Amino acid sequence: MNFRVLQAFLAVSRTGNITRAAEQLHMSQPALSRRIAELEDEVGAPLFDRTGRRLTLTDRGMRFEAHAREMLEAYERMKRDMSEAPEALTGMIRLGCVESSVVEFACDVVSRMYAEHPKVTFELYSADGDDIRAGLDQDRLDLGILLEPVESAKYESITLPYADRWGIVVRKDSPEAKLEAVHVSHLTEIPLILPRRWIVLDVVASWLGVERVHLKVRMVQNLATNSFEFVRRGFGAMLCVEGAYRIRPTDDVVFVPLAPERRASHKLVRRRNRRLGEACEMFWMRAKEMVQNASGDAS
C-alpha cells in the first residue's frame with residue numbers, strides 16, 4: 001500500500017464514481033478499478049458497496065477512510081516540513097482553542113510566530129475542551145488552549161495569564177438580568193443550558209453541594225454560538241465564562257456573573273512525552289516566554 005493508492009481510494013470515496021475519480025486522477029478507469037480491487041484484497045474486505053449506481057463506503061470502508069485521511073495529512077505535513085531550505089523554519093501548527101477571552105493570547109503568539117517565521121502556517125480549531133482533548137489524543141492537533149480543570153498526568157501545560165468569570169447569559173427582560181450578580185444557589189432554581197463536559201458539570205454541582213442530577217439541565221452544548229438563540233427564546237439560562245459572551249455580545253441577552261465569584265483559568269497544553277515538529281516546539285517556547293514576560297511586567 002502506498003500514498004497513491006490512498007489518494008485513489010479517497011477520490012472514489014469522494015465522488016462515489018470510478019469514472020469521475022479516474023478523470024480527477026488523470027488515469028484510466030480500468031487502472032483505477034484494479035487499484036481499488038488490489039487495495040480491497042490487501043485489506044481483506046470490501047471497502048465499497050457496489051449494489052447501487054453510486055459506490056458507497058461499507059462500514060469497514062468508513063473506518064479505513066478515517067485512517068487514510070490521517071495518513072495523507074501526515075504525509076503532506078512531512079512534505080511541507082522538508083520542502084524549504086534548512087535555515088527556514090516551516091511547517092503547520094495545529095492549534096485548538098476554546099471560545100473565551102484567551103483568544104487574545106492565541107492571536108498574540110500566532111502573530112509573533114508569523115513575524116519571526118513567515119513560512120510557518122497555522123490551523124485554528126475552535127471547539128470545546130472535550131473535542132480539543134480528542135484532537136490532541138488522536139494527533140489531529142498539536143497544541144490546545146483549554147479551560148481548567150486539565151488532567152495534569154496526561155498533558156504538559158503552561159498556565160496562561162487569562163482568567164474568565166463564570167456567569168449566566170439570560171434574556172434582557174429576565175429577573176436575573178437586573179442583578180449585579182447571581183448567587184450560585186440560584187442555579188438550582190432555573191432551567192440551565194450547560195457545557196457538555198461532565199467534569200465541568202461536576203464542578204458546578206460541587207459549588208452548590210448537590211449531585212449533578214439535581215441541576216435543572218435542559219440542554220448541554222459544546223459551543224455557545226447556537227445556544228444564544230435558545231436563551232433569546234427563554235429556553236434556559238446559559239452557564240458560560242464571560243469571554244465566551246464578550247466575543248459575541250448581543251443587545252437582547254446579558255451576562256450576569258456568579259456570586260461568590262468563580263473564575264476559570266486557561267492552560268496551553270500538549271501531550272506528555274510527545275515530540276512535536278520544530279515549528280510547534282518554537283510556538284511552545286514563545287508562548288512560555290510571553291507568559292513569563294507578562295508575569296514579570298505584572299510584578
# chains A, B, ... in the order shown; residues from 1 in each chain; ligands from 1

$ select_by_dssp --residues "stretch 125-293 of chain A" --states "strand (DSSP E or B)" --output "PyMOL selection string"
chain A and resi 125-126+143-147+155-171+182-183+192-195+217-221+237-241+253-259+263-271

$ residues_around --residues "A:Met71" --least-positions-apart "2" --cutoff "12 Å" --atoms "only C-alpha atoms" --output "PDB file with all heavy atoms, in the first residue's frame"
ATOM      1  N   MET A   1       0.856  -1.189   0.000  1.00  0.00           N
ATOM      2  CA  MET A   1       0.000   0.000   0.000  1.00  0.00           C
ATOM      3  C   MET A   1       0.894   1.241   0.000  1.00  0.00           C
ATOM      4  O   MET A   1       1.853   1.326   0.770  1.00  0.00           O
ATOM      5  CB  MET A   1      -0.891   0.003   1.242  1.00  0.00           C
ATOM      6  CG  MET A   1      -1.939   1.101   1.254  1.00  0.00           C
ATOM      7  SD  MET A   1      -2.844   1.127   2.838  1.00  0.00           S
ATOM      8  CE  MET A   1      -3.438  -0.557   2.949  1.00  0.00           C
ATOM      9  N   ASN A   2       0.578   2.209  -0.886  1.00  0.00           N
ATOM     10  CA  ASN A   2       1.345   3.443  -0.926  1.00  0.00           C
ATOM     11  C   ASN A   2       0.376   4.626  -0.949  1.00  0.00           C
ATOM     12  O   ASN A   2      -0.850   4.452  -0.963  1.00  0.00           O
ATOM     13  CB  ASN A   2       2.293   3.470  -2.123  1.00  0.00           C
ATOM     14  CG  ASN A   2       1.557   3.274  -3.449  1.00  0.00           C
ATOM     15  OD1 ASN A   2       0.511   3.888  -3.686  1.00  0.00           O
ATOM     16  ND2 ASN A   2       2.094   2.426  -4.305  1.00  0.00           N
ATOM     17  N   PHE A   3       0.934   5.823  -0.961  1.00  0.00           N
ATOM     18  CA  PHE A   3       0.097   7.007  -0.864  1.00  0.00           C
ATOM     19  C   PHE A   3      -0.745   7.224  -2.116  1.00  0.00           C
ATOM     20  O   PHE A   3      -1.825   7.804  -2.045  1.00  0.00           O
ATOM     21  CB  PHE A   3       0.958   8.229  -0.560  1.00  0.00           C
ATOM     22  CG  PHE A   3       1.506   8.230   0.842  1.00  0.00           C
ATOM     23  CD1 PHE A   3       2.838   7.927   1.082  1.00  0.00           C
ATOM     24  CD2 PHE A   3       0.684   8.499   1.923  1.00  0.00           C
ATOM     25  CE1 PHE A   3       3.342   7.910   2.379  1.00  0.00           C
ATOM     26  CE2 PHE A   3       1.168   8.481   3.219  1.00  0.00           C
ATOM     27  CZ  PHE A   3       2.507   8.185   3.449  1.00  0.00           C
ATOM     28  N   ARG A   4      -0.277   6.766  -3.278  1.00  0.00           N
ATOM     29  CA  ARG A   4      -1.103   6.882  -4.490  1.00  0.00           C
ATOM     30  C   ARG A   4      -2.360   6.022  -4.364  1.00  0.00           C
ATOM     31  O   ARG A   4      -3.434   6.419  -4.830  1.00  0.00           O
ATOM     32  CB  ARG A   4      -0.287   6.475  -5.715  1.00  0.00           C
ATOM     33  CG  ARG A   4       0.781   7.482  -6.119  1.00  0.00           C
ATOM     34  CD  ARG A   4       1.342   7.146  -7.500  1.00  0.00           C
ATOM     35  NE  ARG A   4       2.319   8.136  -7.917  1.00  0.00           N
ATOM     36  CZ  ARG A   4       3.613   8.068  -7.675  1.00  0.00           C
ATOM     37  NH1 ARG A   4       4.093   7.032  -6.974  1.00  0.00           N
ATOM     38  NH2 ARG A   4       4.441   8.997  -8.095  1.00  0.00           N
ATOM     39  N   VAL A   5      -2.213   4.881  -3.744  1.00  0.00           N
ATOM     40  CA  VAL A   5      -3.382   4.015  -3.530  1.00  0.00           C
ATOM     41  C   VAL A   5      -4.376   4.703  -2.599  1.00  0.00           C
ATOM     42  O   VAL A   5      -5.588   4.683  -2.842  1.00  0.00           O
ATOM     43  CB  VAL A   5      -2.942   2.656  -2.958  1.00  0.00           C
ATOM     44  CG1 VAL A   5      -4.163   1.824  -2.566  1.00  0.00           C
ATOM     45  CG2 VAL A   5      -2.099   1.900  -3.969  1.00  0.00           C
ATOM     46  N   LEU A   6      -3.861   5.321  -1.532  1.00  0.00           N
ATOM     47  CA  LEU A   6      -4.754   6.030  -0.610  1.00  0.00           C
ATOM     48  C   LEU A   6      -5.446   7.196  -1.305  1.00  0.00           C
ATOM     49  O   LEU A   6      -6.639   7.441  -1.088  1.00  0.00           O
ATOM     50  CB  LEU A   6      -3.955   6.534   0.597  1.00  0.00           C
ATOM     51  CG  LEU A   6      -3.302   5.468   1.480  1.00  0.00           C
ATOM     52  CD1 LEU A   6      -2.556   6.128   2.633  1.00  0.00           C
ATOM     53  CD2 LEU A   6      -4.345   4.496   2.015  1.00  0.00           C
ATOM     54  N   GLN A   7      -4.720   7.931  -2.143  1.00  0.00           N
ATOM     55  CA  GLN A   7      -5.317   9.041  -2.884  1.00  0.00           C
ATOM     56  C   GLN A   7      -6.398   8.535  -3.825  1.00  0.00           C
ATOM     57  O   GLN A   7      -7.458   9.164  -3.978  1.00  0.00           O
ATOM     58  CB  GLN A   7      -4.232   9.792  -3.656  1.00  0.00           C
ATOM     59  CG  GLN A   7      -3.297  10.585  -2.768  1.00  0.00           C
ATOM     60  CD  GLN A   7      -2.072  11.098  -3.493  1.00  0.00           C
ATOM     61  OE1 GLN A   7      -1.684  10.560  -4.529  1.00  0.00           O
ATOM     62  NE2 GLN A   7      -1.458  12.142  -2.948  1.00  0.00           N
ATOM     63  N   LEU A  10      -9.522   7.648  -1.748  1.00  0.00           N
ATOM     64  CA  LEU A  10     -10.254   8.828  -1.292  1.00  0.00           C
ATOM     65  C   LEU A  10     -10.963   9.525  -2.440  1.00  0.00           C
ATOM     66  O   LEU A  10     -12.045  10.098  -2.255  1.00  0.00           O
ATOM     67  CB  LEU A  10      -9.295   9.797  -0.594  1.00  0.00           C
ATOM     68  CG  LEU A  10      -8.760   9.326   0.765  1.00  0.00           C
ATOM     69  CD1 LEU A  10      -7.742  10.311   1.309  1.00  0.00           C
ATOM     70  CD2 LEU A  10      -9.905   9.146   1.770  1.00  0.00           C
ATOM     71  N   PHE A  64     -11.666   2.741   7.283  1.00  0.00           N
ATOM     72  CA  PHE A  64     -10.435   2.876   6.501  1.00  0.00           C
ATOM     73  C   PHE A  64     -10.267   4.308   5.996  1.00  0.00           C
ATOM     74  O   PHE A  64      -9.144   4.833   5.955  1.00  0.00           O
ATOM     75  CB  PHE A  64     -10.462   1.909   5.320  1.00  0.00           C
ATOM     76  CG  PHE A  64      -9.182   1.872   4.537  1.00  0.00           C
ATOM     77  CD1 PHE A  64      -8.124   1.079   4.945  1.00  0.00           C
ATOM     78  CD2 PHE A  64      -9.031   2.653   3.398  1.00  0.00           C
ATOM     79  CE1 PHE A  64      -6.933   1.055   4.235  1.00  0.00           C
ATOM     80  CE2 PHE A  64      -7.846   2.633   2.688  1.00  0.00           C
ATOM     81  CZ  PHE A  64      -6.794   1.829   3.099  1.00  0.00           C
ATOM     82  N   GLU A  65     -11.364   4.958   5.633  1.00  0.00           N
ATOM     83  CA  GLU A  65     -11.295   6.338   5.131  1.00  0.00           C
ATOM     84  C   GLU A  65     -10.700   7.263   6.179  1.00  0.00           C
ATOM     85  O   GLU A  65      -9.872   8.132   5.861  1.00  0.00           O
ATOM     86  CB  GLU A  65     -12.691   6.829   4.738  1.00  0.00           C
ATOM     87  CG  GLU A  65     -12.687   8.247   4.177  1.00  0.00           C
ATOM     88  CD  GLU A  65     -14.088   8.766   3.911  1.00  0.00           C
ATOM     89  OE1 GLU A  65     -14.980   8.489   4.747  1.00  0.00           O
ATOM     90  OE2 GLU A  65     -14.303   9.444   2.896  1.00  0.00           O
ATOM     91  N   ALA A  66     -11.110   7.114   7.435  1.00  0.00           N
ATOM     92  CA  ALA A  66     -10.583   7.968   8.500  1.00  0.00           C
ATOM     93  C   ALA A  66      -9.071   7.789   8.628  1.00  0.00           C
ATOM     94  O   ALA A  66      -8.320   8.773   8.751  1.00  0.00           O
ATOM     95  CB  ALA A  66     -11.281   7.652   9.818  1.00  0.00           C
ATOM     96  N   HIS A  67      -8.601   6.542   8.585  1.00  0.00           N
ATOM     97  CA  HIS A  67      -7.161   6.294   8.676  1.00  0.00           C
ATOM     98  C   HIS A  67      -6.426   6.836   7.454  1.00  0.00           C
ATOM     99  O   HIS A  67      -5.320   7.388   7.568  1.00  0.00           O
ATOM    100  CB  HIS A  67      -6.893   4.799   8.822  1.00  0.00           C
ATOM    101  CG  HIS A  67      -7.363   4.209  10.116  1.00  0.00           C
ATOM    102  ND1 HIS A  67      -6.934   4.657  11.348  1.00  0.00           N
ATOM    103  CD2 HIS A  67      -8.250   3.208  10.379  1.00  0.00           C
ATOM    104  CE1 HIS A  67      -7.505   3.956  12.304  1.00  0.00           C
ATOM    105  NE2 HIS A  67      -8.319   3.081  11.750  1.00  0.00           N
ATOM    106  N   ALA A  68      -7.030   6.674   6.276  1.00  0.00           N
ATOM    107  CA  ALA A  68      -6.380   7.145   5.054  1.00  0.00           C
ATOM    108  C   ALA A  68      -6.196   8.657   5.078  1.00  0.00           C
ATOM    109  O   ALA A  68      -5.148   9.174   4.669  1.00  0.00           O
ATOM    110  CB  ALA A  68      -7.212   6.722   3.837  1.00  0.00           C
ATOM    111  N   ARG A  69      -7.213   9.365   5.550  1.00  0.00           N
ATOM    112  CA  ARG A  69      -7.099  10.827   5.627  1.00  0.00           C
ATOM    113  C   ARG A  69      -5.987  11.235   6.595  1.00  0.00           C
ATOM    114  O   ARG A  69      -5.202  12.148   6.309  1.00  0.00           O
ATOM    115  CB  ARG A  69      -8.430  11.438   6.062  1.00  0.00           C
ATOM    116  CG  ARG A  69      -9.528  11.337   5.017  1.00  0.00           C
ATOM    117  CD  ARG A  69     -10.754  12.142   5.425  1.00  0.00           C
ATOM    118  NE  ARG A  69     -11.853  11.921   4.501  1.00  0.00           N
ATOM    119  CZ  ARG A  69     -11.966  12.509   3.305  1.00  0.00           C
ATOM    120  NH1 ARG A  69     -11.009  13.363   2.915  1.00  0.00           N
ATOM    121  NH2 ARG A  69     -12.984  12.263   2.527  1.00  0.00           N
ATOM    122  N   GLU A  73      -2.695  13.332   5.491  1.00  0.00           N
ATOM    123  CA  GLU A  73      -2.424  14.618   6.120  1.00  0.00           C
ATOM    124  C   GLU A  73      -1.026  14.631   6.739  1.00  0.00           C
ATOM    125  O   GLU A  73      -0.294  15.621   6.634  1.00  0.00           O
ATOM    126  CB  GLU A  73      -3.484  14.910   7.195  1.00  0.00           C
ATOM    127  CG  GLU A  73      -4.837  15.279   6.615  1.00  0.00           C
ATOM    128  CD  GLU A  73      -5.920  15.380   7.672  1.00  0.00           C
ATOM    129  OE1 GLU A  73      -5.595  15.195   8.868  1.00  0.00           O
ATOM    130  OE2 GLU A  73      -7.083  15.633   7.309  1.00  0.00           O
ATOM    131  N   ALA A  74      -0.638  13.534   7.387  1.00  0.00           N
ATOM    132  CA  ALA A  74       0.706  13.446   7.962  1.00  0.00           C
ATOM    133  C   ALA A  74       1.764  13.486   6.862  1.00  0.00           C
ATOM    134  O   ALA A  74       2.815  14.128   7.014  1.00  0.00           O
ATOM    135  CB  ALA A  74       0.845  12.161   8.781  1.00  0.00           C
ATOM    136  N   TYR A  75       1.483  12.824   5.743  1.00  0.00           N
ATOM    137  CA  TYR A  75       2.410  12.826   4.604  1.00  0.00           C
ATOM    138  C   TYR A  75       2.570  14.237   4.037  1.00  0.00           C
ATOM    139  O   TYR A  75       3.696  14.677   3.737  1.00  0.00           O
ATOM    140  CB  TYR A  75       1.881  11.871   3.541  1.00  0.00           C
ATOM    141  CG  TYR A  75       2.702  11.814   2.276  1.00  0.00           C
ATOM    142  CD1 TYR A  75       4.042  11.445   2.298  1.00  0.00           C
ATOM    143  CD2 TYR A  75       2.119  12.123   1.045  1.00  0.00           C
ATOM    144  CE1 TYR A  75       4.794  11.386   1.126  1.00  0.00           C
ATOM    145  CE2 TYR A  75       2.853  12.073  -0.128  1.00  0.00           C
ATOM    146  CZ  TYR A  75       4.191  11.705  -0.076  1.00  0.00           C
ATOM    147  OH  TYR A  75       4.929  11.660  -1.233  1.00  0.00           O
ATOM    148  N   GLU A  76       1.465  14.962   3.900  1.00  0.00           N
ATOM    149  CA  GLU A  76       1.533  16.326   3.377  1.00  0.00           C
ATOM    150  C   GLU A  76       2.285  17.243   4.333  1.00  0.00           C
ATOM    151  O   GLU A  76       3.049  18.113   3.909  1.00  0.00           O
ATOM    152  CB  GLU A  76       0.121  16.867   3.122  1.00  0.00           C
ATOM    153  CG  GLU A  76      -0.614  16.178   1.979  1.00  0.00           C
ATOM    154  CD  GLU A  76       0.117  16.317   0.655  1.00  0.00           C
ATOM    155  OE1 GLU A  76       0.736  17.385   0.432  1.00  0.00           O
ATOM    156  OE2 GLU A  76       0.076  15.370  -0.145  1.00  0.00           O
ATOM    157  N   ARG A  77       2.088  17.058   5.651  1.00  0.00           N
ATOM    158  CA  ARG A  77       2.834  17.863   6.621  1.00  0.00           C
ATOM    159  C   ARG A  77       4.327  17.595   6.508  1.00  0.00           C
ATOM    160  O   ARG A  77       5.150  18.508   6.582  1.00  0.00           O
ATOM    161  CB  ARG A  77       2.359  17.573   8.046  1.00  0.00           C
ATOM    162  CG  ARG A  77       0.971  18.090   8.363  1.00  0.00           C
ATOM    163  CD  ARG A  77       0.768  18.183   9.870  1.00  0.00           C
ATOM    164  NE  ARG A  77       0.996  16.927  10.554  1.00  0.00           N
ATOM    165  CZ  ARG A  77       0.078  15.987  10.714  1.00  0.00           C
ATOM    166  NH1 ARG A  77      -1.140  16.167  10.236  1.00  0.00           N
ATOM    167  NH2 ARG A  77       0.353  14.868  11.377  1.00  0.00           N
ATOM    168  N   MET A  78       4.672  16.326   6.326  1.00  0.00           N
ATOM    169  CA  MET A  78       6.079  15.978   6.177  1.00  0.00           C
ATOM    170  C   MET A  78       6.676  16.629   4.936  1.00  0.00           C
ATOM    171  O   MET A  78       7.783  17.185   4.985  1.00  0.00           O
ATOM    172  CB  MET A  78       6.236  14.458   6.096  1.00  0.00           C
ATOM    173  CG  MET A  78       7.683  14.003   5.964  1.00  0.00           C
ATOM    174  SD  MET A  78       7.823  12.269   5.473  1.00  0.00           S
ATOM    175  CE  MET A  78       7.218  12.356   3.776  1.00  0.00           C
ATOM    176  N   ASP A 139      -3.813  12.879  17.651  1.00  0.00           N
ATOM    177  CA  ASP A 139      -2.793  13.531  16.823  1.00  0.00           C
ATOM    178  C   ASP A 139      -3.404  14.318  15.668  1.00  0.00           C
ATOM    179  O   ASP A 139      -2.799  14.468  14.608  1.00  0.00           O
ATOM    180  CB  ASP A 139      -1.793  12.500  16.284  1.00  0.00           C
ATOM    181  CG  ASP A 139      -0.517  13.164  15.778  1.00  0.00           C
ATOM    182  OD1 ASP A 139      -0.166  14.246  16.281  1.00  0.00           O
ATOM    183  OD2 ASP A 139       0.112  12.617  14.845  1.00  0.00           O
ATOM    184  N   ARG A 140      -4.606  14.847  15.874  1.00  0.00           N
ATOM    185  CA  ARG A 140      -5.192  15.778  14.900  1.00  0.00           C
ATOM    186  C   ARG A 140      -4.858  17.217  15.261  1.00  0.00           C
ATOM    187  O   ARG A 140      -5.027  18.118  14.445  1.00  0.00           O
ATOM    188  CB  ARG A 140      -6.709  15.589  14.831  1.00  0.00           C
ATOM    189  CG  ARG A 140      -7.145  14.278  14.217  1.00  0.00           C
ATOM    190  CD  ARG A 140      -8.650  14.154  14.098  1.00  0.00           C
ATOM    191  NE  ARG A 140      -9.291  13.889  15.381  1.00  0.00           N
ATOM    192  CZ  ARG A 140      -9.975  14.782  16.083  1.00  0.00           C
ATOM    193  NH1 ARG A 140     -10.086  16.023  15.655  1.00  0.00           N
ATOM    194  NH2 ARG A 140     -10.534  14.447  17.224  1.00  0.00           N
TER     195      ARG A 140
END

$ select_by_dssp --residues "stretch 9-54 of chain A" --states "helix (DSSP H, G or I)" --output "ChimeraX atom specification"
/A:9-15,18-25,29-43

$ residues_around --residues "stretch 112-125 of chain A" --least-positions-apart "6" --cutoff "9 Å" --atoms "only C-alpha atoms" --output "JSON list (two decimals) with all heavy atoms, in the first residue's frame"
[["chain", "number", "residue", "atom", "x", "y", "z"],
["A", 84, "GLU", "N", 11.43, 23.35, 2.38],
["A", 84, "GLU", "CA", 12.17, 24.60, 2.44],
["A", 84, "GLU", "C", 13.64, 24.36, 2.80],
["A", 84, "GLU", "O", 14.03, 23.28, 3.23],
["A", 84, "GLU", "CB", 11.54, 25.53, 3.49],
["A", 84, "GLU", "CG", 10.12, 25.96, 3.14],
["A", 84, "GLU", "CD", 10.05, 26.88, 1.95],
["A", 84, "GLU", "OE1", 11.07, 27.54, 1.65],
["A", 84, "GLU", "OE2", 8.99, 26.96, 1.31],
["A", 88, "ALA", "N", 15.26, 27.86, 7.01],
["A", 88, "ALA", "CA", 13.94, 28.48, 7.09],
["A", 88, "ALA", "C", 13.00, 27.57, 7.88],
["A", 88, "ALA", "O", 12.76, 26.44, 7.51],
["A", 88, "ALA", "CB", 13.37, 28.72, 5.69],
["A", 89, "LEU", "N", 12.46, 28.07, 8.98],
["A", 89, "LEU", "CA", 11.52, 27.29, 9.79],
["A", 89, "LEU", "C", 10.19, 27.21, 9.06],
["A", 89, "LEU", "O", 9.61, 28.23, 8.66],
["A", 89, "LEU", "CB", 11.33, 27.94, 11.16],
["A", 89, "LEU", "CG", 10.42, 27.18, 12.14],
["A", 89, "LEU", "CD1", 11.05, 25.84, 12.49],
["A", 89, "LEU", "CD2", 10.18, 28.00, 13.39],
["A", 90, "THR", "N", 9.71, 26.01, 8.86],
["A", 90, "THR", "CA", 8.46, 25.79, 8.14],
["A", 90, "THR", "C", 7.58, 24.85, 8.95],
["A", 90, "THR", "O", 7.92, 24.43, 10.05],
["A", 90, "THR", "CB", 8.73, 25.17, 6.76],
["A", 90, "THR", "OG1", 9.34, 23.87, 6.94],
["A", 90, "THR", "CG2", 9.65, 26.05, 5.92],
["A", 91, "GLY", "N", 6.46, 24.48, 8.35],
["A", 91, "GLY", "CA", 5.56, 23.54, 8.98],
["A", 91, "GLY", "C", 4.23, 24.18, 9.35],
["A", 91, "GLY", "O", 4.06, 25.40, 9.25],
["A", 92, "MET", "N", 3.29, 23.34, 9.77],
["A", 92, "MET", "CA", 1.97, 23.80, 10.18],
["A", 92, "MET", "C", 1.79, 23.56, 11.66],
["A", 92, "MET", "O", 2.14, 22.49, 12.17],
["A", 92, "MET", "CB", 0.85, 23.11, 9.40],
["A", 92, "MET", "CG", -0.55, 23.49, 9.88],
["A", 92, "MET", "SD", -1.87, 22.71, 8.91],
["A", 92, "MET", "CE", -1.81, 23.72, 7.43],
["A", 93, "ILE", "N", 1.23, 24.54, 12.35],
["A", 93, "ILE", "CA", 0.91, 24.42, 13.77],
["A", 93, "ILE", "C", -0.60, 24.27, 13.88],
["A", 93, "ILE", "O", -1.36, 25.17, 13.49],
["A", 93, "ILE", "CB", 1.39, 25.65, 14.55],
["A", 93, "ILE", "CG1", 2.91, 25.78, 14.45],
["A", 93, "ILE", "CG2", 0.95, 25.56, 16.01],
["A", 93, "ILE", "CD1", 3.45, 27.08, 15.00],
["A", 94, "ARG", "N", -1.04, 23.14, 14.39],
["A", 94, "ARG", "CA", -2.47, 22.86, 14.54],
["A", 94, "ARG", "C", -2.86, 23.17, 15.98],
["A", 94, "ARG", "O", -2.52, 22.42, 16.89],
["A", 94, "ARG", "CB", -2.77, 21.41, 14.17],
["A", 94, "ARG", "CG", -2.34, 21.02, 12.76],
["A", 94, "ARG", "CD", -2.43, 19.53, 12.53],
["A", 94, "ARG", "NE", -1.55, 18.81, 13.45],
["A", 94, "ARG", "CZ", -1.60, 17.48, 13.64],
["A", 94, "ARG", "NH1", -2.48, 16.75, 12.99],
["A", 94, "ARG", "NH2", -0.77, 16.91, 14.48],
["A", 95, "LEU", "N", -3.59, 24.27, 16.16],
["A", 95, "LEU", "CA", -3.90, 24.78, 17.49],
["A", 95, "LEU", "C", -5.40, 24.72, 17.75],
["A", 95, "LEU", "O", -6.19, 25.30, 16.99],
["A", 95, "LEU", "CB", -3.42, 26.23, 17.62],
["A", 95, "LEU", "CG", -3.75, 26.96, 18.92],
["A", 95, "LEU", "CD1", -3.03, 26.32, 20.10],
["A", 95, "LEU", "CD2", -3.40, 28.43, 18.81],
["A", 96, "GLY", "N", -5.78, 24.04, 18.82],
["A", 96, "GLY", "CA", -7.17, 24.05, 19.26],
["A", 96, "GLY", "C", -7.36, 25.10, 20.34],
["A", 96, "GLY", "O", -6.48, 25.27, 21.20],
["A", 97, "CYS", "N", -8.49, 25.81, 20.31],
["A", 97, "CYS", "CA", -8.69, 26.89, 21.28],
["A", 97, "CYS", "C", -10.16, 26.96, 21.68],
["A", 97, "CYS", "O", -11.05, 26.95, 20.81],
["A", 97, "CYS", "CB", -8.25, 28.23, 20.69],
["A", 97, "CYS", "SG", -8.31, 29.62, 21.84],
["A", 98, "VAL", "N", -10.41, 27.02, 22.98],
["A", 98, "VAL", "CA", -11.77, 27.22, 23.46],
["A", 98, "VAL", "C", -12.21, 28.65, 23.14],
["A", 98, "VAL", "O", -11.39, 29.53, 22.89],
["A", 98, "VAL", "CB", -11.88, 26.97, 24.98],
["A", 98, "VAL", "CG1", -11.61, 25.51, 25.30],
["A", 98, "VAL", "CG2", -10.92, 27.88, 25.75],
["A", 132, "ILE", "N", -11.09, 19.27, 21.83],
["A", 132, "ILE", "CA", -9.67, 19.60, 21.73],
["A", 132, "ILE", "C", -8.83, 18.48, 22.33],
["A", 132, "ILE", "O", -7.80, 18.09, 21.76],
["A", 132, "ILE", "CB", -9.38, 20.95, 22.42],
["A", 132, "ILE", "CG1", -10.06, 22.08, 21.62],
["A", 132, "ILE", "CG2", -7.89, 21.19, 22.54],
["A", 132, "ILE", "CD1", -9.99, 23.43, 22.28],
["A", 141, "LEU", "N", -4.40, 17.44, 16.49],
["A", 141, "LEU", "CA", -3.97, 18.75, 16.95],
["A", 141, "LEU", "C", -2.61, 18.60, 17.62],
["A", 141, "LEU", "O", -2.31, 17.56, 18.21],
["A", 141, "LEU", "CB", -4.98, 19.33, 17.95],
["A", 141, "LEU", "CG", -6.36, 19.71, 17.41],
["A", 141, "LEU", "CD1", -7.28, 20.11, 18.57],
["A", 141, "LEU", "CD2", -6.28, 20.84, 16.40],
["A", 144, "GLY", "N", -3.22, 22.73, 22.43],
["A", 144, "GLY", "CA", -4.58, 23.14, 22.75],
["A", 144, "GLY", "C", -4.60, 24.16, 23.86],
["A", 144, "GLY", "O", -3.76, 24.13, 24.77],
["A", 279, "ALA", "N", 8.38, 23.68, 14.36],
["A", 279, "ALA", "CA", 7.58, 24.90, 14.45],
["A", 279, "ALA", "C", 6.71, 24.89, 15.71],
["A", 279, "ALA", "O", 6.58, 25.92, 16.39],
["A", 279, "ALA", "CB", 6.70, 25.05, 13.21],
["A", 282, "MET", "N", 8.81, 25.58, 18.72],
["A", 282, "MET", "CA", 9.11, 27.00, 18.79],
["A", 282, "MET", "C", 7.91, 27.79, 19.31],
["A", 282, "MET", "O", 8.06, 28.71, 20.13],
["A", 282, "MET", "CB", 9.51, 27.52, 17.41],
["A", 282, "MET", "CG", 9.85, 29.01, 17.37],
["A", 282, "MET", "SD", 11.29, 29.43, 18.38],
["A", 282, "MET", "CE", 12.60, 28.72, 17.35],
["A", 283, "PHE", "N", 6.70, 27.42, 18.88],
["A", 283, "PHE", "CA", 5.47, 28.07, 19.35],
["A", 283, "PHE", "C", 5.36, 27.90, 20.87],
["A", 283, "PHE", "O", 5.04, 28.85, 21.59],
["A", 283, "PHE", "CB", 4.27, 27.47, 18.64],
["A", 283, "PHE", "CG", 2.96, 28.16, 18.92],
["A", 283, "PHE", "CD1", 2.44, 29.09, 18.04],
["A", 283, "PHE", "CD2", 2.23, 27.86, 20.06],
["A", 283, "PHE", "CE1", 1.23, 29.71, 18.29],
["A", 283, "PHE", "CE2", 1.02, 28.49, 20.34],
["A", 283, "PHE", "CZ", 0.53, 29.42, 19.44],
["A", 286, "ARG", "N", 7.86, 30.16, 22.57],
["A", 286, "ARG", "CA", 7.45, 31.56, 22.51],
["A", 286, "ARG", "C", 6.30, 31.83, 23.47],
["A", 286, "ARG", "O", 6.27, 32.88, 24.13],
["A", 286, "ARG", "CB", 7.03, 31.93, 21.08],
["A", 286, "ARG", "CG", 8.18, 32.03, 20.12],
["A", 286, "ARG", "CD", 9.00, 33.29, 20.38],
["A", 286, "ARG", "NE", 10.14, 33.37, 19.50],
["A", 286, "ARG", "CZ", 11.37, 32.95, 19.80],
["A", 286, "ARG", "NH1", 11.61, 32.43, 21.00],
["A", 286, "ARG", "NH2", 12.35, 33.07, 18.93]]

$ residues_around --residues "A:Tyr162" --least-positions-apart "2" --cutoff "9 Å" --atoms "only C-alpha atoms" --output "NGL selection string"
:A and (101-102 or 105 or 159-160 or 164 or 264-267)

$ write_last_selection --atoms "C-alpha atoms" --output "short mmCIF file (atom, residue, chain, number, x, y, z; two decimals), in the first residue's frame"
data_model
loop_
_atom_site.label_atom_id
_atom_site.label_comp_id
_atom_site.auth_asym_id
_atom_site.auth_seq_id
_atom_site.Cartn_x
_atom_site.Cartn_y
_atom_site.Cartn_z
CA SER A 101 -11.03 35.80 26.19
CA VAL A 102 -7.91 33.65 25.79
CA PHE A 105 -3.33 35.43 23.76
CA THR A 159 -0.79 28.44 32.85
CA LEU A 160 -1.84 31.49 30.83
CA ASP A 164 -12.66 34.40 32.98
CA ALA A 264 -11.68 29.72 35.32
CA SER A 265 -8.03 29.81 34.32
CA HIS A 266 -6.66 28.76 30.95
CA LYS A 267 -3.79 26.48 30.05
#

$ closest_residue --among "A:Arg270, A:Arg262, A:Arg212, A:Arg20" --to "A:Gly135" --atoms "only C-alpha atoms"
A:Arg270

$ residues_around --residues "A:Cys240" --least-positions-apart "2" --cutoff "8 Å" --atoms "only C-alpha atoms" --output "ChimeraX atom specification"
/A:166-169,194-195,224,238,242,244-245

$ atom_distance --atom1 "atom CA of A:Val203" --atom2 "atom CA of A:Val150"
12.6 Å

$ closest_residue --among "A:Val182, A:Val253, A:Ala11, A:Leu39" --to "A:His26" --atoms "only C-alpha atoms"
A:Ala11
